[in-house]
Amino acid sequence: MQEPTHDIKPLAGFTIGVTAARRAEELIALLERRGAVVQHAPALRIVPLTDDSELLSTTERLLAAAPDIVIATTAIGFRGWIEAAHGWGLGEELLARLDGVELLARGPKVRGAIRAAGLTEAWYPESESMAEVRARLLAQGVAGRRIAVQLHGEPLPGFSEALRSAGAEVVPVPVYRWLPPEDPTALDRLIDALRARALDAVTFTSAPAALSLLRRSEERGLREEVLAALRADVLPACVGPVTAAVLERHDVPTSQPERFRLGPLVQLLCAELPGAVRPLPVGGRWLEIRGHAVVVDGELRPVPPAGMALLGALAARPGWVVPRADLLRALPGAGRDEHAVETAMARLRSALGTPKLIQTVVKRGYRLAVDASG
């Protein structure tokens with residue numbers, strides 16, 4: 001049989017968790033436009049810039065004693081710093097100070113924010129890598145120099161320590177700070193869905209979001225369950241290496257786009273999730289089993305959770321007879337009554353629209369009617 005081509009949206013049938021607090025609506029829209037069902041749980045909340053006394057104190061310190069170098073790491077953070085300074089009546093003074101120092105940008109988006117403020121950057125790396133910024137500074141020498149580093153939600157210990165070891169004074173600029181959500185209910189639901197493998201992927205767009213999810217999991221005594229799910233069954237999709245490093249420290253393999261943007265992150269999911277599905281030739285048709293739906297000959301058919309559990313158990317041994325007892329164990333909360341298997345199987349066959357895809361083997365169990373040629 002030749003595999004069919006179809007026009008189903010690439011993420012149709014998949015459920016994706018979104019942990020973002022900032023730009024979450026944009027990410028959710030991109031995912032839903034491609035067919036995904038999204039479960040959103042902000043893992044963080046952002047302290048408003050004008051309410052952040054630490055940022056005000058640091059700004060006043062830099063105005064009193066000028067730095068030699070200022071490093072801007074995020075466009076939104078740099079813009080927010082300038083806006084907050086204007087709110088405190090210090091905006092023009094801060095811009096004048098920044099105009100007289102060596103101003104480095106982490107990448108082109110940050111460069112755009114710098115120029116929008118009427119300033120000019122001295123340099124930025126095409127790679128958008130802080131490692132490249134660090135290498136440049138160390139090569140030119142930083143001993144005795146005062147360097148202000150605009151943070152992007154969490155400290156940069158490896159970066160700052162390398163500069164300090166080379167003799168620089170490093171002043172962290174905490175432009176926005178992350179705190180756990182005030183109400184963790186949505187995050188708890190996401191964690192429960194993750195460990196139950198009810199999600200196909202979880203997106204992380206910041207390192208603090210990944211840290212927050214792991215910390216909340218640990219508070220609930222579920223961290224090892226969550227890590228086990230991320231290592232084997234739920235795809236962790238991270239916007240870039242800084243975010244991924246949080247999970248990789250716990251031996252969780254991650255996927256990252258080549259460009260650290262939301263669009264490429266969604267494109268990555270569009271490639272990886274459908275790409276992991278192996279079409280099966282069953283009953284003269286092609287069957288693709290996705291997270292909460294099945295594609296039968298190019299037609300997307302939603303399937304209830306109990307049916308997906310049965311189908312997953314059958315597909316794990318395609319063509320082989322799976323005993324009712326094994327299928328009962330696969331059903332969530334089914335107890336000991338094998339009649340629950342028959343009920344769920346009837347609903348599954350109805351959802352598939354083609355009952356003959358699953359064969360009943362009398363007194364033994366059920367099997368997928370896998371074509372011999374497949």
# chains A, B, ... in the order shown; residues from 1 in each chain; ligands from 1
>>> residues_around(residues="A:Thr73", least_positions_apart="3", cutoff="7 Å", atoms="only C-alpha atoms", output="PyMOL selection string")
chain A and resi 105-106+110+150-152
>>> select_by_dssp(residues="stretch 85-151 of chain A", states="helix (DSSP H, G or I)", output="JSON, numbers by chain")
{"A": [85, 86, 87, 91, 92, 93, 94, 95, 96, 97, 98, 99, 108, 109, 110, 111, 112, 113, 114, 115, 116, 130, 131, 132, 133, 134, 135, 136, 137, 138, 139, 140]}
>>> write_last_selection(atoms="C-alpha atoms", output="short mmCIF file (atom, residue, chain, number, x, y, z; two decimals), in the first residue's frame")
data_model
loop_
_atom_site.label_atom_id
_atom_site.label_comp_id
_atom_site.auth_asym_id
_atom_site.auth_seq_id
_atom_site.Cartn_x
_atom_site.Cartn_y
_atom_site.Cartn_z
CA ALA A 85 13.26 54.97 34.08
CA HIS A 86 10.94 57.49 32.39
CA GLY A 87 8.27 56.54 34.94
CA GLY A 91 14.62 58.42 31.53
CA GLU A 92 16.56 61.24 29.88
CA GLU A 93 19.42 60.89 32.37
CA LEU A 94 19.65 57.15 31.73
CA LEU A 95 19.64 57.61 27.94
CA ALA A 96 22.41 60.20 28.23
CA ARG A 97 24.44 57.80 30.37
CA LEU A 98 23.96 54.91 27.91
CA ASP A 99 24.93 57.17 25.01
CA PRO A 108 19.56 41.88 16.17
CA LYS A 109 16.24 42.20 18.03
CA VAL A 110 18.01 43.87 20.95
CA ARG A 111 19.88 46.10 18.49
CA GLY A 112 16.48 47.23 17.15
CA ALA A 113 15.34 48.17 20.65
CA ILE A 114 18.57 50.10 21.26
CA ARG A 115 18.18 52.07 18.03
CA ALA A 116 14.50 52.72 18.74
CA MET A 130 26.12 35.28 25.29
CA ALA A 131 29.12 32.96 24.98
CA GLU A 132 30.26 34.98 21.94
CA VAL A 133 29.77 38.24 23.86
CA ARG A 134 31.84 36.84 26.72
CA ALA A 135 34.60 35.67 24.36
CA ARG A 136 34.82 39.11 22.75
CA LEU A 137 35.07 40.87 26.11
CA LEU A 138 37.68 38.49 27.48
CA ALA A 139 39.75 38.79 24.30
CA GLN A 140 39.82 42.59 24.52
#
>>> atom_distance(atom1="atom CA of A:Trp320", atom2="atom CA of A:His292")
22.9 Å
>>> closest_residue(among="A:Val242, A:Arg336, A:Ala369, A:Ile147", to="A:Pro318", atoms="only C-alpha atoms")
A:Ala369
>>> closest_residue(among="A:Ile16, A:Val239, A:Ala313, A:Val175", to="A:Arg261", atoms="only C-alpha atoms")
A:Val239
>>> closest_residue(among="A:Leu30, A:Leu222, A:Leu328, A:Leu314", to="A:Gln359", atoms="only C-alpha atoms")
A:Leu314
>>> residues_around(residues="A:Arg223", least_positions_apart="6", cutoff="10 Å", atoms="only C-alpha atoms", output="PDB file with N, CA, C and O atoms, in the first residue's frame")
ATOM      1  N   ILE A 191       0.952  19.940  35.271  1.00  0.00           N
ATOM      2  CA  ILE A 191       1.861  18.916  35.806  1.00  0.00           C
ATOM      3  C   ILE A 191       1.161  17.563  35.844  1.00  0.00           C
ATOM      4  O   ILE A 191       1.749  16.531  35.470  1.00  0.00           O
ATOM      5  N   ARG A 195       2.453  14.228  33.712  1.00  0.00           N
ATOM      6  CA  ARG A 195       2.861  12.927  34.264  1.00  0.00           C
ATOM      7  C   ARG A 195       1.903  11.812  33.853  1.00  0.00           C
ATOM      8  O   ARG A 195       2.282  10.644  33.845  1.00  0.00           O
ATOM      9  N   LEU A 213       8.395  25.058  36.934  1.00  0.00           N
ATOM     10  CA  LEU A 213       7.635  23.818  36.802  1.00  0.00           C
ATOM     11  C   LEU A 213       8.281  22.696  37.610  1.00  0.00           C
ATOM     12  O   LEU A 213       7.592  21.931  38.302  1.00  0.00           O
ATOM     13  N   LEU A 214       9.606  22.595  37.564  1.00  0.00           N
ATOM     14  CA  LEU A 214      10.291  21.549  38.323  1.00  0.00           C
ATOM     15  C   LEU A 214      10.161  21.789  39.827  1.00  0.00           C
ATOM     16  O   LEU A 214       9.977  20.841  40.604  1.00  0.00           O
ATOM     17  N   ARG A 215      10.257  23.049  40.245  1.00  0.00           N
ATOM     18  CA  ARG A 215      10.125  23.341  41.677  1.00  0.00           C
ATOM     19  C   ARG A 215       8.734  23.012  42.197  1.00  0.00           C
ATOM     20  O   ARG A 215       8.570  22.459  43.285  1.00  0.00           O
ATOM     21  N   ARG A 216       7.707  23.372  41.412  1.00  0.00           N
ATOM     22  CA  ARG A 216       6.341  23.054  41.827  1.00  0.00           C
ATOM     23  C   ARG A 216       6.137  21.537  41.854  1.00  0.00           C
ATOM     24  O   ARG A 216       5.476  21.010  42.765  1.00  0.00           O
ATOM     25  N   SER A 217       6.697  20.828  40.894  1.00  0.00           N
ATOM     26  CA  SER A 217       6.608  19.366  40.882  1.00  0.00           C
ATOM     27  C   SER A 217       7.255  18.783  42.131  1.00  0.00           C
ATOM     28  O   SER A 217       6.729  17.848  42.744  1.00  0.00           O
ATOM     29  N   ALA A 229       8.422  11.410  32.548  1.00  0.00           N
ATOM     30  CA  ALA A 229       7.555  11.667  31.389  1.00  0.00           C
ATOM     31  C   ALA A 229       8.286  12.493  30.338  1.00  0.00           C
ATOM     32  O   ALA A 229       8.189  12.223  29.131  1.00  0.00           O
TER      33      ALA A 229
END
>>> closest_residue(among="A:Val18, A:Leu230, A:Ala66, A:Val266", to="A:Arg189", atoms="only C-alpha atoms")
A:Val18
>>> select_by_dssp(residues="stretch 137-340 of chain A", states="strand (DSSP E)", output="PyMOL selection string")
chain A and resi 146-150+169-173+178-179+201-204+235-238+280-282+285-289+293-296+299-302+322-323
>>> residues_around(residues="A:Ile289", least_positions_apart="3", cutoff="9 Å", atoms="only C-alpha atoms", output="ChimeraX atom specification")
/A:13,277-280,292-296,308,311-312,315
>>> write_last_selection(atoms="all heavy atoms", output="short mmCIF file (atom, residue, chain, number, x, y, z; two decimals), in the first residue's frame")
data_model
loop_
_atom_site.label_atom_id
_atom_site.label_comp_id
_atom_site.auth_asym_id
_atom_site.auth_seq_id
_atom_site.Cartn_x
_atom_site.Cartn_y
_atom_site.Cartn_z
N GLY A 13 -4.68 16.75 16.33
CA GLY A 13 -4.64 15.51 17.09
C GLY A 13 -3.63 15.52 18.22
O GLY A 13 -3.57 14.56 19.00
N VAL A 277 5.16 9.79 14.30
CA VAL A 277 4.04 8.86 14.12
C VAL A 277 4.32 7.94 12.94
O VAL A 277 4.60 8.40 11.84
CB VAL A 277 2.73 9.65 13.88
CG1 VAL A 277 1.58 8.68 13.61
CG2 VAL A 277 2.42 10.53 15.07
N ARG A 278 4.23 6.64 13.19
CA ARG A 278 4.46 5.67 12.12
C ARG A 278 3.10 5.20 11.57
O ARG A 278 2.34 4.54 12.29
CB ARG A 278 5.24 4.46 12.64
CG ARG A 278 5.56 3.42 11.56
CD ARG A 278 6.57 2.41 12.09
NE ARG A 278 6.01 1.57 13.13
CZ ARG A 278 5.46 0.38 12.91
NH1 ARG A 278 5.36 -0.10 11.69
NH2 ARG A 278 5.01 -0.34 13.92
N PRO A 279 2.77 5.54 10.32
CA PRO A 279 1.49 5.07 9.75
C PRO A 279 1.45 3.54 9.67
O PRO A 279 2.44 2.90 9.32
CB PRO A 279 1.47 5.70 8.35
CG PRO A 279 2.46 6.81 8.41
CD PRO A 279 3.51 6.37 9.37
N LEU A 280 0.32 2.97 10.03
CA LEU A 280 0.15 1.51 9.99
C LEU A 280 -0.87 1.14 8.91
O LEU A 280 -1.95 1.74 8.85
CB LEU A 280 -0.35 1.00 11.34
CG LEU A 280 0.61 1.09 12.53
CD1 LEU A 280 -0.12 0.76 13.82
CD2 LEU A 280 1.79 0.15 12.33
N HIS A 292 -4.58 12.61 20.76
CA HIS A 292 -5.96 12.43 21.17
C HIS A 292 -6.88 12.18 19.97
O HIS A 292 -8.09 12.35 20.06
CB HIS A 292 -6.46 13.66 21.94
CG HIS A 292 -6.44 14.93 21.14
ND1 HIS A 292 -5.42 15.84 21.21
CD2 HIS A 292 -7.32 15.43 20.23
CE1 HIS A 292 -5.67 16.85 20.39
NE2 HIS A 292 -6.82 16.62 19.78
N ALA A 293 -6.29 11.78 18.86
CA ALA A 293 -7.08 11.54 17.66
C ALA A 293 -6.34 10.54 16.76
O ALA A 293 -5.17 10.24 16.97
CB ALA A 293 -7.33 12.86 16.91
N VAL A 294 -7.07 10.06 15.77
CA VAL A 294 -6.51 9.10 14.82
C VAL A 294 -6.78 9.61 13.41
O VAL A 294 -7.86 10.16 13.14
CB VAL A 294 -7.14 7.70 15.01
CG1 VAL A 294 -6.61 6.72 13.98
CG2 VAL A 294 -6.88 7.18 16.41
N VAL A 295 -5.81 9.46 12.55
CA VAL A 295 -6.00 9.80 11.14
C VAL A 295 -6.22 8.50 10.38
O VAL A 295 -5.36 7.61 10.38
CB VAL A 295 -4.77 10.55 10.58
CG1 VAL A 295 -4.97 10.85 9.09
CG2 VAL A 295 -4.54 11.84 11.35
N VAL A 296 -7.39 8.37 9.76
CA VAL A 296 -7.73 7.19 8.97
C VAL A 296 -7.83 7.60 7.52
O VAL A 296 -8.73 8.36 7.15
CB VAL A 296 -9.06 6.54 9.44
CG1 VAL A 296 -9.35 5.29 8.62
CG2 VAL A 296 -8.99 6.20 10.92
N MET A 308 -8.24 5.76 23.12
CA MET A 308 -6.83 5.98 22.78
C MET A 308 -5.93 5.04 23.60
O MET A 308 -4.91 4.56 23.10
CB MET A 308 -6.44 7.43 23.05
CG MET A 308 -7.03 8.44 22.08
SD MET A 308 -6.67 8.15 20.33
CE MET A 308 -4.88 8.23 20.30
N LEU A 311 -6.21 1.68 21.92
CA LEU A 311 -5.54 1.70 20.63
C LEU A 311 -4.02 1.70 20.80
O LEU A 311 -3.29 1.05 20.04
CB LEU A 311 -6.00 2.93 19.84
CG LEU A 311 -5.69 2.95 18.34
CD1 LEU A 311 -6.24 1.71 17.65
CD2 LEU A 311 -6.28 4.21 17.72
N GLY A 312 -3.54 2.44 21.79
CA GLY A 312 -2.11 2.46 22.06
C GLY A 312 -1.59 1.08 22.44
O GLY A 312 -0.51 0.67 22.00
N ALA A 315 -1.58 -1.01 19.24
CA ALA A 315 -0.54 -0.59 18.29
C ALA A 315 0.86 -0.92 18.79
O ALA A 315 1.80 -1.00 18.00
CB ALA A 315 -0.66 0.92 18.05
#
>>> closest_residue(among="A:Gln267, A:Ser206, A:Ala36, A:Ser212", to="A:Thr243", atoms="only C-alpha atoms")
A:Ser206
